[in-house]
Every structure is written in C-alpha cells, then in structure tokens.
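The data block below is structure.pdb; it holds PDB, C-alpha atoms.
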```
ATOM      1  CA  ARG A  34       1.948  -8.883   1.440  1.00  0.00           C
ATOM      2  CA  ALA A  35      -1.619 -10.182   1.618  1.00  0.00           C
ATOM      3  CA  LEU A  36      -2.391  -7.907  -1.345  1.00  0.00           C
ATOM      4  CA  GLY A  37       0.405  -9.490  -3.385  1.00  0.00           C
ATOM      5  CA  ALA A  38       3.001  -6.764  -2.887  1.00  0.00           C
ATOM      6  CA  HIS A  39       6.720  -7.273  -2.326  1.00  0.00           C
ATOM      7  CA  VAL A  40       7.157  -5.713   1.125  1.00  0.00           C
ATOM      8  CA  VAL A  41      10.315  -3.886   2.180  1.00  0.00           C
ATOM      9  CA  VAL A  42      10.562  -2.620   5.763  1.00  0.00           C
ATOM     10  CA  PHE A  43      12.877   0.258   6.625  1.00  0.00           C
ATOM     11  CA  SER A  44      14.188   0.601  10.160  1.00  0.00           C
ATOM     12  CA  THR A  45      16.945   2.690  11.719  1.00  0.00           C
ATOM     13  CA  SER A  46      18.617  -0.473  13.049  1.00  0.00           C
ATOM     14  CA  ASP A  47      18.428  -4.211  12.502  1.00  0.00           C
ATOM     15  CA  ARG A  48      16.869  -4.750  15.975  1.00  0.00           C
ATOM     16  CA  LYS A  49      13.442  -5.353  14.447  1.00  0.00           C
ATOM     17  CA  LYS A  50      14.562  -7.409  11.461  1.00  0.00           C
ATOM     18  CA  GLN A  51      13.326 -10.784  12.693  1.00  0.00           C
ATOM     19  CA  ASP A  52      10.005  -9.302  13.781  1.00  0.00           C
ATOM     20  CA  ALA A  53       9.548  -7.617  10.383  1.00  0.00           C
ATOM     21  CA  LEU A  54      10.229 -10.873   8.543  1.00  0.00           C
ATOM     22  CA  ARG A  55       7.905 -12.792  10.883  1.00  0.00           C
ATOM     23  CA  LEU A  56       5.168 -10.232  10.266  1.00  0.00           C
ATOM     24  CA  GLY A  57       5.445 -10.634   6.480  1.00  0.00           C
ATOM     25  CA  ALA A  58       8.238  -8.463   5.111  1.00  0.00           C
ATOM     26  CA  HIS A  59      10.296  -9.869   2.255  1.00  0.00           C
ATOM     27  CA  GLU A  60      13.242  -7.554   2.977  1.00  0.00           C
ATOM     28  CA  VAL A  61      14.477  -5.322   5.784  1.00  0.00           C
ATOM     29  CA  VAL A  62      16.688  -2.335   5.009  1.00  0.00           C
ATOM     30  CA  VAL A  63      18.565  -0.396   7.679  1.00  0.00           C
ATOM     31  CA  SER A  64      17.863   3.225   6.773  1.00  0.00           C
ATOM     32  CA  THR A  65      21.009   4.499   8.501  1.00  0.00           C
ATOM     33  CA  ASP A  66      23.137   2.408   6.105  1.00  0.00           C
ATOM     34  CA  ALA A  67      23.806   4.719   3.145  1.00  0.00           C
ATOM     35  CA  GLU A  68      24.882   1.849   0.894  1.00  0.00           C
ATOM     36  CA  ALA A  69      21.757  -0.193   1.651  1.00  0.00           C
ATOM     37  CA  MET A  70      19.542   2.834   0.979  1.00  0.00           C
ATOM     38  CA  ALA A  71      21.343   3.604  -2.299  1.00  0.00           C
ATOM     39  CA  ALA A  72      20.714   0.019  -3.417  1.00  0.00           C
ATOM     40  CA  GLN A  73      16.961   0.661  -3.074  1.00  0.00           C
ATOM     41  CA  ALA A  74      16.943   3.830  -5.226  1.00  0.00           C
ATOM     42  CA  GLY A  75      14.180   3.811  -7.812  1.00  0.00           C
ATOM     43  CA  ARG A  76      12.897   0.332  -6.800  1.00  0.00           C
ATOM     44  CA  LEU A  77       9.634   1.065  -5.016  1.00  0.00           C
ATOM     45  CA  ASP A  78       6.177   1.848  -6.367  1.00  0.00           C
ATOM     46  CA  PHE A  79       4.644   2.821  -3.043  1.00  0.00           C
ATOM     47  CA  ILE A  80       5.817   3.833   0.418  1.00  0.00           C
ATOM     48  CA  LEU A  81       3.550   3.883   3.453  1.00  0.00           C
ATOM     49  CA  ASP A  82       5.370   6.123   5.925  1.00  0.00           C
ATOM     50  CA  THR A  83       4.197   5.371   9.465  1.00  0.00           C
ATOM     51  CA  VAL A  84       6.973   7.295  11.248  1.00  0.00           C
ATOM     52  CA  SER A  85       5.782   9.841  13.793  1.00  0.00           C
ATOM     53  CA  ALA A  86       9.276  11.141  14.561  1.00  0.00           C
ATOM     54  CA  ASN A  87      11.004  13.815  12.523  1.00  0.00           C
ATOM     55  CA  HIS A  88      12.827  12.181   9.609  1.00  0.00           C
ATOM     56  CA  ASP A  89      14.160  12.889   6.124  1.00  0.00           C
ATOM     57  CA  LEU A  90      11.303  12.285   3.688  1.00  0.00           C
ATOM     58  CA  ASN A  91      13.573  13.018   0.741  1.00  0.00           C
ATOM     59  CA  ALA A  92      15.754  10.007   1.497  1.00  0.00           C
ATOM     60  CA  TYR A  93      12.667   7.843   0.975  1.00  0.00           C
ATOM     61  CA  LEU A  94      11.289   9.751  -2.013  1.00  0.00           C
ATOM     62  CA  LYS A  95      14.539   8.820  -3.817  1.00  0.00           C
ATOM     63  CA  LEU A  96      13.561   5.166  -3.453  1.00  0.00           C
ATOM     64  CA  LEU A  97      10.401   5.553  -5.533  1.00  0.00           C
ATOM     65  CA  ARG A  98      10.134   4.647  -9.204  1.00  0.00           C
ATOM     66  CA  ARG A  99       8.772   7.133 -11.712  1.00  0.00           C
ATOM     67  CA  ASP A 100       5.109   7.824 -10.862  1.00  0.00           C
ATOM     68  CA  GLY A 101       5.604   6.331  -7.380  1.00  0.00           C
ATOM     69  CA  GLN A 102       3.506   7.298  -4.399  1.00  0.00           C
ATOM     70  CA  MET A 103       4.332   8.036  -0.794  1.00  0.00           C
ATOM     71  CA  VAL A 104       1.592   8.287   1.826  1.00  0.00           C
ATOM     72  CA  LEU A 105       2.321   9.695   5.262  1.00  0.00           C
ATOM     73  CA  VAL A 106       0.223   8.383   8.154  1.00  0.00           C
ATOM     74  CA  GLY A 107       2.570   9.202  11.027  1.00  0.00           C
ATOM     75  CA  ILE A 108       2.246  12.634  12.621  1.00  0.00           C
ATOM     76  CA  PRO A 109       5.649  14.177  13.434  1.00  0.00           C
ATOM     77  CA  ASP A 110       5.624  17.058  15.910  1.00  0.00           C
ATOM     78  CA  LYS A 111       7.454  19.404  13.493  1.00  0.00           C
ATOM     79  CA  PRO A 112       6.888  20.162   9.802  1.00  0.00           C
ATOM     80  CA  LEU A 113       8.838  17.941   7.400  1.00  0.00           C
ATOM     81  CA  GLU A 114      10.677  19.285   4.348  1.00  0.00           C
ATOM     82  CA  VAL A 115       9.945  17.899   0.899  1.00  0.00           C
ATOM     83  CA  ASN A 116      12.220  18.567  -2.074  1.00  0.00           C
ATOM     84  CA  ALA A 117       9.835  19.702  -4.818  1.00  0.00           C
ATOM     85  CA  MET A 118      12.382  18.806  -7.525  1.00  0.00           C
ATOM     86  CA  LEU A 119      12.318  15.150  -6.400  1.00  0.00           C
ATOM     87  CA  LEU A 120       8.540  15.131  -6.738  1.00  0.00           C
ATOM     88  CA  MET A 121       8.530  16.856 -10.103  1.00  0.00           C
ATOM     89  CA  SER A 122      11.443  15.044 -11.735  1.00  0.00           C
ATOM     90  CA  GLY A 123      10.064  11.629 -10.794  1.00  0.00           C
ATOM     91  CA  ARG A 124       6.387  12.545 -11.255  1.00  0.00           C
ATOM     92  CA  LEU A 125       5.950  11.408  -7.670  1.00  0.00           C
ATOM     93  CA  SER A 126       2.845  11.759  -5.534  1.00  0.00           C
ATOM     94  CA  PHE A 127       3.072  12.648  -1.865  1.00  0.00           C
ATOM     95  CA  SER A 128      -0.010  12.649   0.331  1.00  0.00           C
ATOM     96  CA  GLY A 129      -1.241  12.011   3.832  1.00  0.00           C
ATOM     97  CA  SER A 130      -4.053  10.027   5.311  1.00  0.00           C
ATOM     98  CA  GLY A 131      -5.714  10.075   8.691  1.00  0.00           C
ATOM     99  CA  ALA A 132      -7.716   7.342  10.311  1.00  0.00           C
ATOM    100  CA  GLY A 133     -10.549   5.983   8.209  1.00  0.00           C
ATOM    101  CA  GLY A 134     -14.181   6.085   9.176  1.00  0.00           C
ATOM    102  CA  LEU A 135     -16.192   3.190  10.549  1.00  0.00           C
ATOM    103  CA  ALA A 136     -16.785   1.560   7.145  1.00  0.00           C
ATOM    104  CA  GLU A 137     -13.075   1.681   6.182  1.00  0.00           C
ATOM    105  CA  THR A 138     -12.029   0.402   9.588  1.00  0.00           C
ATOM    106  CA  GLN A 139     -14.470  -2.500   9.359  1.00  0.00           C
ATOM    107  CA  GLU A 140     -13.256  -3.325   5.833  1.00  0.00           C
ATOM    108  CA  MET A 141      -9.662  -3.373   7.088  1.00  0.00           C
ATOM    109  CA  LEU A 142     -10.547  -5.561  10.064  1.00  0.00           C
ATOM    110  CA  ASP A 143     -12.466  -7.974   7.814  1.00  0.00           C
ATOM    111  CA  PHE A 144      -9.496  -8.177   5.434  1.00  0.00           C
ATOM    112  CA  CYS A 145      -7.116  -8.852   8.329  1.00  0.00           C
ATOM    113  CA  GLY A 146      -9.426 -11.560   9.659  1.00  0.00           C
ATOM    114  CA  GLN A 147      -9.660 -13.251   6.247  1.00  0.00           C
ATOM    115  CA  HIS A 148      -5.880 -13.271   5.830  1.00  0.00           C
ATOM    116  CA  GLY A 149      -4.811 -14.032   9.403  1.00  0.00           C
ATOM    117  CA  ILE A 150      -3.159 -10.647   9.832  1.00  0.00           C
ATOM    118  CA  VAL A 151      -2.499  -9.676  13.429  1.00  0.00           C
ATOM    119  CA  SER A 152      -0.464  -6.966  15.076  1.00  0.00           C
ATOM    120  CA  ASP A 153       1.987  -6.960  17.927  1.00  0.00           C
ATOM    121  CA  ILE A 154       0.698  -4.690  20.670  1.00  0.00           C
ATOM    122  CA  GLU A 155       1.356  -3.898  24.273  1.00  0.00           C
ATOM    123  CA  LEU A 156      -1.847  -3.684  26.289  1.00  0.00           C
ATOM    124  CA  ILE A 157      -1.819  -0.923  28.896  1.00  0.00           C
ATOM    125  CA  SER A 158      -4.368   0.416  31.349  1.00  0.00           C
ATOM    126  CA  LEU A 159      -5.442   4.058  31.397  1.00  0.00           C
ATOM    127  CA  PRO A 160      -3.424   4.925  34.534  1.00  0.00           C
ATOM    128  CA  ASP A 161      -0.268   3.899  32.600  1.00  0.00           C
ATOM    129  CA  ILE A 162      -0.850   6.405  29.781  1.00  0.00           C
ATOM    130  CA  ASN A 163       1.820   8.899  30.912  1.00  0.00           C
ATOM    131  CA  ASP A 164       4.454   6.168  31.131  1.00  0.00           C
ATOM    132  CA  ALA A 165       3.379   4.981  27.687  1.00  0.00           C
ATOM    133  CA  PHE A 166       3.863   8.483  26.224  1.00  0.00           C
ATOM    134  CA  GLU A 167       7.350   8.680  27.750  1.00  0.00           C
ATOM    135  CA  ARG A 168       8.239   5.293  26.281  1.00  0.00           C
ATOM    136  CA  LEU A 169       6.764   6.314  22.934  1.00  0.00           C
ATOM    137  CA  HIS A 170       9.069   9.345  22.756  1.00  0.00           C
ATOM    138  CA  LYS A 171      12.046   7.123  23.615  1.00  0.00           C
ATOM    139  CA  GLY A 172      11.132   4.638  20.876  1.00  0.00           C
ATOM    140  CA  ASP A 173      10.526   1.935  23.481  1.00  0.00           C
ATOM    141  CA  VAL A 174       7.360   0.459  21.971  1.00  0.00           C
ATOM    142  CA  ARG A 175       6.910  -2.906  20.271  1.00  0.00           C
ATOM    143  CA  TYR A 176       4.858  -1.974  18.277  1.00  0.00           C
ATOM    144  CA  ARG A 177       1.729  -0.177  19.337  1.00  0.00           C
ATOM    145  CA  PHE A 178       0.173   0.619  22.675  1.00  0.00           C
ATOM    146  CA  VAL A 179      -3.480  -0.316  23.066  1.00  0.00           C
ATOM    147  CA  ILE A 180      -5.415   1.047  26.025  1.00  0.00           C
ATOM    148  CA  ASP A 181      -7.589  -1.538  27.755  1.00  0.00           C
ATOM    149  CA  LEU A 182     -10.585   0.500  28.882  1.00  0.00           C
ATOM    150  CA  LYS A 183     -11.963  -2.436  30.864  1.00  0.00           C
ATOM    151  CA  ARG A 184      -8.967  -2.106  33.199  1.00  0.00           C
ATOM    152  CA  ALA A 185      -9.320   1.694  33.342  1.00  0.00           C
ATOM    153  CA  ALA A 186     -11.363   1.757  36.533  1.00  0.00           C
TER
END
```

Starting from the file, lay out its structure as structure tokens.
Amino acid sequence: RALGAHVVVFSTSDRKKQDALRLGAHEVVVSTDAEAMAAQAGRLDFILDTVSANHDLNAYLKLLRRDGQMVLVGIPDKPLEVNAMLLMSGRLSFSGSGAGGLAETQEMLDFCGQHGIVSDIELISLPDINDAFERLHKGDVRYRFVIDLKRAA
C-alpha cells in the first residue's frame, strides 16, 4: 500500500480480516469461498505468495491479469504443482525469492521506517523454539515469531 498498490489479502477464513485491514489491506478475500475467488479472476497484476503450507498455486494464478506475476517466498515442505497452460495462456511469470542480502534488508527497513510500517510479531525466547515450531505447523501464529536472543541465556 505504501508503494501505491491496491492490496488484496487472501486468507482461508475471515478470522484475520480486521487485522489485514488494520495493517493496510484494501480488501480481504476468503480463499475457501469459491464465489469470492471467482470474483477476483483476472484482476491482479502481482501476487506475493507468503504461504509456507502446501496450497493450490493454480487457484491464485487464475487471479492474475495477462502478463501478471506471482512470486513465492514461502517454503512449503512438499513440491507444488503449477499448470503450465495457465502460465502460457496468460503470459504469466512465476518465480521465487529468498531473503535479501544486507543491502536489500536495510533498504526495506529504511522504507518501513519512512512509511510507519510495522509488523505484528510474537517475541519468544530460544528455549521456546520447539513450542513455536509446533504452533507454526498448527497455524497458531499471529503473525511471525521473532526469537529474542537477549533472553536466550
């Protein structure tokens, strides 16, 4: 949103709707609602896919306009299937991106600071890491765990 984009958040339920709107989304779409997903078909220029769980990429590729782009930054534990015909017929681009280097990270942090962008995190100590992984697999995280290394000892 700080870059001037119209932001649409997709979630499997409406539990996070108010948080998504508070954090800057213009719209929230429940991805398990077939009618709501169909209404988004061909509307989006870009999708940043942050999902680390296994999910249907093709359902989201259908939401892209011609020449749209989808970038995957989540790391599912199993390979995901991509329908090549969706990519080819829509001239879509599908790529992935890992964490940036120090310069990119600093640029992102500077941008966030300039625009008042913050994130919702849950601060944990190192001894709580196993519990955090269990909660992560259950989807019980709002929204990222951050390990406080000062409390690690």

- Message: With 10 Å as the threshold, what does the neighbourhood of (-4.5, 9.3, 4.0) contain in terms of residues, counting all atoms listed in the file? Coordinates are those of the file; answer as a PyMOL selection string.
- Response: chain A and resi 81+104-107+128-133

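CA of Val84 (chain A) is positioned 7.3 Å from CA of Ile108 (chain A).
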
- Tell me which residues the PyMOL selection byres ((chain A and resi 36) around 12) grabs here, as a VMD selection string. chain A and resid 34 to 35 37 to 40 57 144 to 145 147 to 148 150

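In this structure, CA of Ala72 (chain A) sits 29.9 Å away from CA of Asp110 (chain A).
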
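With CA of Asp47 (chain A) on one side and CA of Ala165 (chain A) on the other, the separation reads 23.3 Å.
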
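Taken over the whole file, the PyMOL selection byres ((chain A and resi 172-178) around 6) covers exactly Asp153, Ile154, Glu155, Leu156, Arg168, Leu169, His170, Lys171 and Val179 of chain A.
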
Enclosing box along x, y and z for every listed atom of region 53-60 of chain A, padded 4 Å each side, centre and size in Å, one decimal, as lines of an AutoDock Vina configuration file:
```
center_x = 9.2
center_y = -10.2
center_z = 6.6
size_x = 16.1
size_y = 13.2
size_z = 16.6
```

- Query: Is there a way to get, as a VMD selection string, all residues within 12 Å of the point (22.9, 8.8, 1.1) in file coordinates, counting only C-alpha atoms?
  - Reply: chain A and resid 64 to 74 89 91 to 93 95 to 96

- Target residues per the PyMOL selection byres ((chain A and resi 160) around 12), formatted as a VMD selection string: chain A and resid 157 to 159 161 to 166 180 to 186

Applying 9 Å and all atoms listed in the file, which residues near Leu119 (chain A) remain after dropping the ones on its own chain fewer than 3 positions away? List them as a JSON list (two decimals) with C-alpha atoms, keeping the file's coordinate frame.
```
[["chain", "number", "residue", "atom", "x", "y", "z"],
["A", 91, "ASN", "CA", 13.57, 13.02, 0.74],
["A", 94, "LEU", "CA", 11.29, 9.75, -2.01],
["A", 95, "LYS", "CA", 14.54, 8.82, -3.82],
["A", 115, "VAL", "CA", 9.94, 17.90, 0.90],
["A", 116, "ASN", "CA", 12.22, 18.57, -2.07],
["A", 122, "SER", "CA", 11.44, 15.04, -11.74],
["A", 123, "GLY", "CA", 10.06, 11.63, -10.79],
["A", 124, "ARG", "CA", 6.39, 12.54, -11.26],
["A", 125, "LEU", "CA", 5.95, 11.41, -7.67]]
```
